[in-house]
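What follows is final.pdb (PDB, C-alpha atoms, pLDDT in the B column).
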```pdb
ATOM      1  CA  MET A   1     -17.684   0.687  11.636  1.00 65.00           C
ATOM      2  CA  LYS A   2     -16.947   3.186   8.912  1.00 73.00           C
ATOM      3  CA  VAL A   3     -14.509   2.017   6.225  1.00 75.00           C
ATOM      4  CA  GLU A   4     -13.023   4.574   3.851  1.00 79.00           C
ATOM      5  CA  ASN A   5     -10.526   3.686   1.138  1.00 80.00           C
ATOM      6  CA  ALA A   6      -7.974   6.379   0.344  1.00 84.00           C
ATOM      7  CA  VAL A   7      -4.923   6.725  -1.887  1.00 87.00           C
ATOM      8  CA  ILE A   8      -3.091   9.494  -0.005  1.00 84.00           C
ATOM      9  CA  PRO A   9      -3.119   9.718   3.803  1.00 85.00           C
ATOM     10  CA  GLY A  10      -4.232  12.886   5.516  1.00 84.00           C
ATOM     11  CA  MET A  11      -1.683  14.959   7.442  1.00 87.00           C
ATOM     12  CA  ALA A  12      -3.148  13.859  10.801  1.00 88.00           C
ATOM     13  CA  GLN A  13      -2.755  10.202   9.802  1.00 86.00           C
ATOM     14  CA  VAL A  14       0.853  10.736   8.704  1.00 84.00           C
ATOM     15  CA  GLN A  15       1.716  12.520  11.939  1.00 88.00           C
ATOM     16  CA  ALA A  16       0.073   9.835  14.084  1.00 85.00           C
ATOM     17  CA  PHE A  17       1.769   7.022  12.136  1.00 84.00           C
ATOM     18  CA  PHE A  18       5.286   8.464  12.240  1.00 83.00           C
ATOM     19  CA  GLY A  19       4.777   9.937  15.711  1.00 86.00           C
ATOM     20  CA  ALA A  20       4.281   6.484  17.210  1.00 84.00           C
ATOM     21  CA  PRO A  21       7.110   5.135  19.361  1.00 83.00           C
ATOM     22  CA  GLU A  22       9.806   3.286  17.441  1.00 81.00           C
ATOM     23  CA  ASP A  23       9.507  -0.338  18.465  1.00 85.00           C
ATOM     24  CA  GLY A  24      11.235  -2.318  15.747  1.00 89.00           C
ATOM     25  CA  PRO A  25       9.846  -4.558  13.026  1.00 95.00           C
ATOM     26  CA  TYR A  26       6.189  -4.517  12.032  1.00 94.00           C
ATOM     27  CA  VAL A  27       3.991  -5.873   9.260  1.00 96.00           C
ATOM     28  CA  MET A  28       1.841  -3.598   7.132  1.00 96.00           C
ATOM     29  CA  VAL A  29      -1.426  -5.105   5.913  1.00 97.00           C
ATOM     30  CA  ASN A  30      -2.358  -3.482   2.592  1.00 97.00           C
ATOM     31  CA  LEU A  31      -5.962  -3.882   1.421  1.00 97.00           C
ATOM     32  CA  LEU A  32      -5.996  -2.712  -2.192  1.00 97.00           C
ATOM     33  CA  LYS A  33      -8.823  -1.630  -4.497  1.00 97.00           C
ATOM     34  CA  PHE A  34      -7.869  -1.021  -8.137  1.00 98.00           C
ATOM     35  CA  ARG A  35      -9.332   1.354 -10.695  1.00 97.00           C
ATOM     36  CA  ASP A  36     -10.885  -0.318 -13.726  1.00 97.00           C
ATOM     37  CA  LYS A  37      -8.554   1.742 -15.931  1.00 98.00           C
ATOM     38  CA  ALA A  38      -5.296   3.404 -14.940  1.00 98.00           C
ATOM     39  CA  ALA A  39      -5.586   7.156 -14.439  1.00 97.00           C
ATOM     40  CA  TYR A  40      -2.183   8.716 -15.046  1.00 97.00           C
ATOM     41  CA  GLU A  41      -2.121  12.470 -14.426  1.00 95.00           C
ATOM     42  CA  ASP A  42      -0.691  13.083 -17.913  1.00 96.00           C
ATOM     43  CA  GLY A  43      -3.467  11.023 -19.537  1.00 94.00           C
ATOM     44  CA  SER A  44      -1.062   8.411 -20.871  1.00 94.00           C
ATOM     45  CA  GLU A  45      -1.967   4.740 -21.298  1.00 94.00           C
ATOM     46  CA  PRO A  46      -5.753   5.099 -20.964  1.00 91.00           C
ATOM     47  CA  GLU A  47      -6.322   1.425 -21.868  1.00 96.00           C
ATOM     48  CA  LEU A  48      -4.014   0.077 -19.125  1.00 97.00           C
ATOM     49  CA  SER A  49      -5.866  -1.491 -16.213  1.00 98.00           C
ATOM     50  CA  GLY A  50      -5.460  -0.119 -12.713  1.00 98.00           C
ATOM     51  CA  ARG A  51      -4.142  -3.517 -11.624  1.00 98.00           C
ATOM     52  CA  ALA A  52      -1.452  -3.408 -14.337  1.00 98.00           C
ATOM     53  CA  ALA A  53      -0.409   0.116 -13.337  1.00 98.00           C
ATOM     54  CA  TYR A  54      -0.178  -0.931  -9.691  1.00 98.00           C
ATOM     55  CA  ALA A  55       1.862  -4.004 -10.698  1.00 98.00           C
ATOM     56  CA  ARG A  56       4.493  -1.603 -12.068  1.00 98.00           C
ATOM     57  CA  TYR A  57       4.578   0.102  -8.671  1.00 98.00           C
ATOM     58  CA  GLY A  58       4.661  -3.272  -6.911  1.00 96.00           C
ATOM     59  CA  GLU A  59       7.730  -4.381  -8.835  1.00 97.00           C
ATOM     60  CA  GLY A  60       9.616  -1.222  -7.919  1.00 97.00           C
ATOM     61  CA  VAL A  61       8.502  -1.026  -4.301  1.00 97.00           C
ATOM     62  CA  SER A  62       9.458  -4.664  -3.699  1.00 96.00           C
ATOM     63  CA  LYS A  63      13.048  -3.744  -4.557  1.00 97.00           C
ATOM     64  CA  LEU A  64      12.947  -0.684  -2.267  1.00 97.00           C
ATOM     65  CA  VAL A  65      11.560  -2.752   0.604  1.00 97.00           C
ATOM     66  CA  ALA A  66      14.312  -5.349   0.191  1.00 97.00           C
ATOM     67  CA  GLU A  67      17.015  -2.658   0.043  1.00 96.00           C
ATOM     68  CA  LEU A  68      15.961  -1.318   3.453  1.00 94.00           C
ATOM     69  CA  GLY A  69      15.893  -4.780   5.046  1.00 96.00           C
ATOM     70  CA  GLY A  70      12.178  -5.502   4.741  1.00 97.00           C
ATOM     71  CA  ARG A  71      10.405  -8.216   2.838  1.00 96.00           C
ATOM     72  CA  MET A  72       7.224  -8.980   1.010  1.00 96.00           C
ATOM     73  CA  LEU A  73       5.519 -11.742   2.996  1.00 97.00           C
ATOM     74  CA  PHE A  74       2.415 -12.358   0.922  1.00 97.00           C
ATOM     75  CA  SER A  75       0.252 -10.960  -1.826  1.00 96.00           C
ATOM     76  CA  GLY A  76      -2.911 -12.453  -3.231  1.00 97.00           C
ATOM     77  CA  ASP A  77      -6.285 -11.703  -4.716  1.00 98.00           C
ATOM     78  CA  VAL A  78      -9.309 -11.336  -2.448  1.00 97.00           C
ATOM     79  CA  THR A  79     -11.792 -14.021  -3.454  1.00 96.00           C
ATOM     80  CA  SER A  80     -14.593 -13.891  -0.886  1.00 94.00           C
ATOM     81  CA  LEU A  81     -15.706 -12.732   2.535  1.00 92.00           C
ATOM     82  CA  MET A  82     -16.779 -15.243   5.186  1.00 94.00           C
ATOM     83  CA  ILE A  83     -17.548 -13.029   8.196  1.00 93.00           C
ATOM     84  CA  GLY A  84     -18.767  -9.465   8.245  1.00 90.00           C
ATOM     85  CA  GLU A  85     -20.065  -7.219   5.563  1.00 87.00           C
ATOM     86  CA  VAL A  86     -18.600  -4.543   3.322  1.00 87.00           C
ATOM     87  CA  GLU A  87     -20.156  -2.761   0.373  1.00 87.00           C
ATOM     88  CA  GLU A  88     -17.381  -3.879  -1.928  1.00 89.00           C
ATOM     89  CA  LEU A  89     -14.477  -6.287  -1.429  1.00 93.00           C
ATOM     90  CA  TRP A  90     -10.886  -5.209  -1.861  1.00 95.00           C
ATOM     91  CA  ASP A  91      -9.147  -6.669  -4.904  1.00 97.00           C
ATOM     92  CA  MET A  92      -5.865  -7.704  -3.303  1.00 98.00           C
ATOM     93  CA  VAL A  93      -4.109  -8.096   0.040  1.00 98.00           C
ATOM     94  CA  ALA A  94      -0.364  -7.618   0.530  1.00 97.00           C
ATOM     95  CA  LEU A  95       1.612  -8.177   3.731  1.00 98.00           C
ATOM     96  CA  VAL A  96       4.943  -6.360   3.951  1.00 97.00           C
ATOM     97  CA  GLU A  97       7.412  -6.544   6.822  1.00 97.00           C
ATOM     98  CA  TYR A  98       9.444  -3.420   7.615  1.00 96.00           C
ATOM     99  CA  PRO A  99      12.382  -3.337  10.035  1.00 96.00           C
ATOM    100  CA  SER A 100      11.324  -0.014  11.594  1.00 95.00           C
ATOM    101  CA  LEU A 101       9.286   3.142  11.193  1.00 93.00           C
ATOM    102  CA  GLU A 102      12.470   4.980  10.288  1.00 93.00           C
ATOM    103  CA  ALA A 103      13.165   2.524   7.451  1.00 95.00           C
ATOM    104  CA  PHE A 104       9.634   3.027   6.139  1.00 94.00           C
ATOM    105  CA  ARG A 105      10.023   6.814   6.350  1.00 92.00           C
ATOM    106  CA  THR A 106      13.350   6.614   4.494  1.00 94.00           C
ATOM    107  CA  MET A 107      11.738   4.554   1.745  1.00 95.00           C
ATOM    108  CA  ALA A 108       8.673   6.811   1.507  1.00 93.00           C
ATOM    109  CA  MET A 109      10.849   9.904   1.062  1.00 93.00           C
ATOM    110  CA  SER A 110      13.392   8.310  -1.290  1.00 96.00           C
ATOM    111  CA  PRO A 111      14.023   9.237  -4.933  1.00 97.00           C
ATOM    112  CA  GLY A 112      13.237   5.607  -5.791  1.00 97.00           C
ATOM    113  CA  MET A 113       9.747   5.934  -4.328  1.00 97.00           C
ATOM    114  CA  HIS A 114       9.240   9.272  -6.028  1.00 97.00           C
ATOM    115  CA  ALA A 115      10.105   7.620  -9.367  1.00 98.00           C
ATOM    116  CA  ILE A 116       7.372   4.942  -9.063  1.00 98.00           C
ATOM    117  CA  GLU A 117       4.661   6.631  -6.993  1.00 96.00           C
ATOM    118  CA  HIS A 118       2.745   7.730 -10.113  1.00 97.00           C
ATOM    119  CA  HIS A 119       2.000   4.074 -10.944  1.00 98.00           C
ATOM    120  CA  ARG A 120       0.491   3.591  -7.476  1.00 97.00           C
ATOM    121  CA  LYS A 121      -1.711   6.667  -7.819  1.00 96.00           C
ATOM    122  CA  ALA A 122      -2.758   5.716 -11.357  1.00 97.00           C
ATOM    123  CA  GLY A 123      -3.705   2.181 -10.366  1.00 97.00           C
ATOM    124  CA  LEU A 124      -5.430   2.539  -7.020  1.00 97.00           C
ATOM    125  CA  ALA A 125      -9.022   3.497  -6.408  1.00 96.00           C
ATOM    126  CA  GLY A 126      -8.230   3.267  -2.698  1.00 94.00           C
ATOM    127  CA  GLN A 127      -6.611   1.230   0.016  1.00 95.00           C
ATOM    128  CA  LEU A 128      -6.297   0.634   3.717  1.00 94.00           C
ATOM    129  CA  ASN A 129      -2.838   0.333   5.308  1.00 94.00           C
ATOM    130  CA  ILE A 130      -2.907  -1.323   8.714  1.00 94.00           C
ATOM    131  CA  ARG A 131       0.252  -1.417  10.823  1.00 93.00           C
ATOM    132  CA  THR A 132       0.511  -4.577  12.924  1.00 94.00           C
ATOM    133  CA  LYS A 133       2.960  -5.750  15.573  1.00 91.00           C
ATOM    134  CA  MET A 134       3.725  -9.383  16.363  1.00 80.00           C
ATOM    135  CA  ARG A 135       3.199 -10.395  19.958  1.00 79.00           C
ATOM    136  CA  ALA A 136       6.157 -11.736  21.869  1.00 70.00           C
TER
END
```
Taking this structure as input, can you express it in the form of structure tokens?
Amino acid sequence: MKVENAVIPGMAQVQAFFGAPEDGPYVMVNLLKFRDKAAYEDGSEPELSGRAAYARYGEGVSKLVAELGGRMLFSGDVTSLMIGEVEELWDMVALVEYPSLEAFRTMAMSPGMHAIEHHRKAGLAGQLNIRTKMRA
């Protein structure tokens, strides 16, 4: 199994994600890997950690998620791996419930997201976003 962290999805991934049938609420599993130091495009705050930069994004995105009817279910640090093998562990896991794909799309394209996205990019070395659906 190949695992590749990324910060920005490719066009094919975006089209596949938003092209899926709308079937109501889902939970996004976010596996996060932080940069040692934040890397803002303008070079500002070179001593800020990637985790601290991402925390700024996390504070803002939590509000956006709540405004669209979603909720943060869990976030915590990754401490160890019991089964399987990866070259490097992720730093954090976050579980976020969204009411619909359309709500997620609205949030992703919103001015509020645009205003905080630079903190996400500055803080992350990479991530995996896994869409999950609860079974009935």
Exercise for the section: Please write as an NGL selection string the full residue list that the PyMOL selection byres ((chain A and resi 6) around 6) yields on this file. Expected result: :A and (5 or 7-8 or 126-127)
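Using only C-alpha atoms, the nearest neighbour of Lys133 (chain A) within the list A:Pro46, A:Pro9, A:Pro99, A:Pro25 is A:Pro25.
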Exercise for the section: Would you kindly return, as a PyMOL selection string, each protein, DNA or RNA residue with an atom no farther than 12 Å from any atom of Val14 (chain A), considering all atoms listed in the file and excluding same-chain residues fewer than 3 positions away? Expected result: chain A and resi 8-11+17-20+101+104-105+108+129
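Among the candidates A:Met28, A:Val96, A:Leu128, A:Val3, the one nearest to Gly69 (chain A) when counting all atoms listed in the file is A:Val96.
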Problem - Residues matched by the PyMOL selection byres ((chain A and resi 90) around 8) as a ChimeraX atom specification - result: /A:31-33,78,88-89,91-93,127
Practice task
Have a look at CA of Ala103 (chain A) and CA of Leu68 (chain A) and let me know their distance in Å, one decimal.
Solution key: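 Interatomic distance here is 6.2 Å.
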Practice task
Have a look at A:Arg51, A:Lys63, A:Arg56, A:Arg131 and name the one nearest to Val29 (chain A); count only C-alpha atoms.
Solution key: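 Of all the options, A:Arg131 lies closest to Val29 (chain A).
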Exercise for the section: Record the distance separating CA of Thr79 (chain A) and CA of Ala66 (chain A), expressed in Å with one decimal. Expected result: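 Answer for the CA of Thr79 (chain A) to CA of Ala66 (chain A) separation: 27.7 Å.
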Practice task
Please identify all polymer residues within 9 Å of Tyr57 (chain A), counting all atoms listed in the file, omitting same-chain residues fewer than 6 positions from it, and present them as a VMD selection string.
Solution key: chain A and resid 113 116 to 120 123
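Closest approach to Ala38 (chain A) among A:Ala55, A:Ala122, A:Ala12, A:Val65 is made by A:Ala122 (distances from only C-alpha atoms).
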Practice task
Could you jot down the CA of Lys121 (chain A) to CA of Gly50 (chain A) separation for me, Å, one decimal place?
Solution key: 9.2 Å
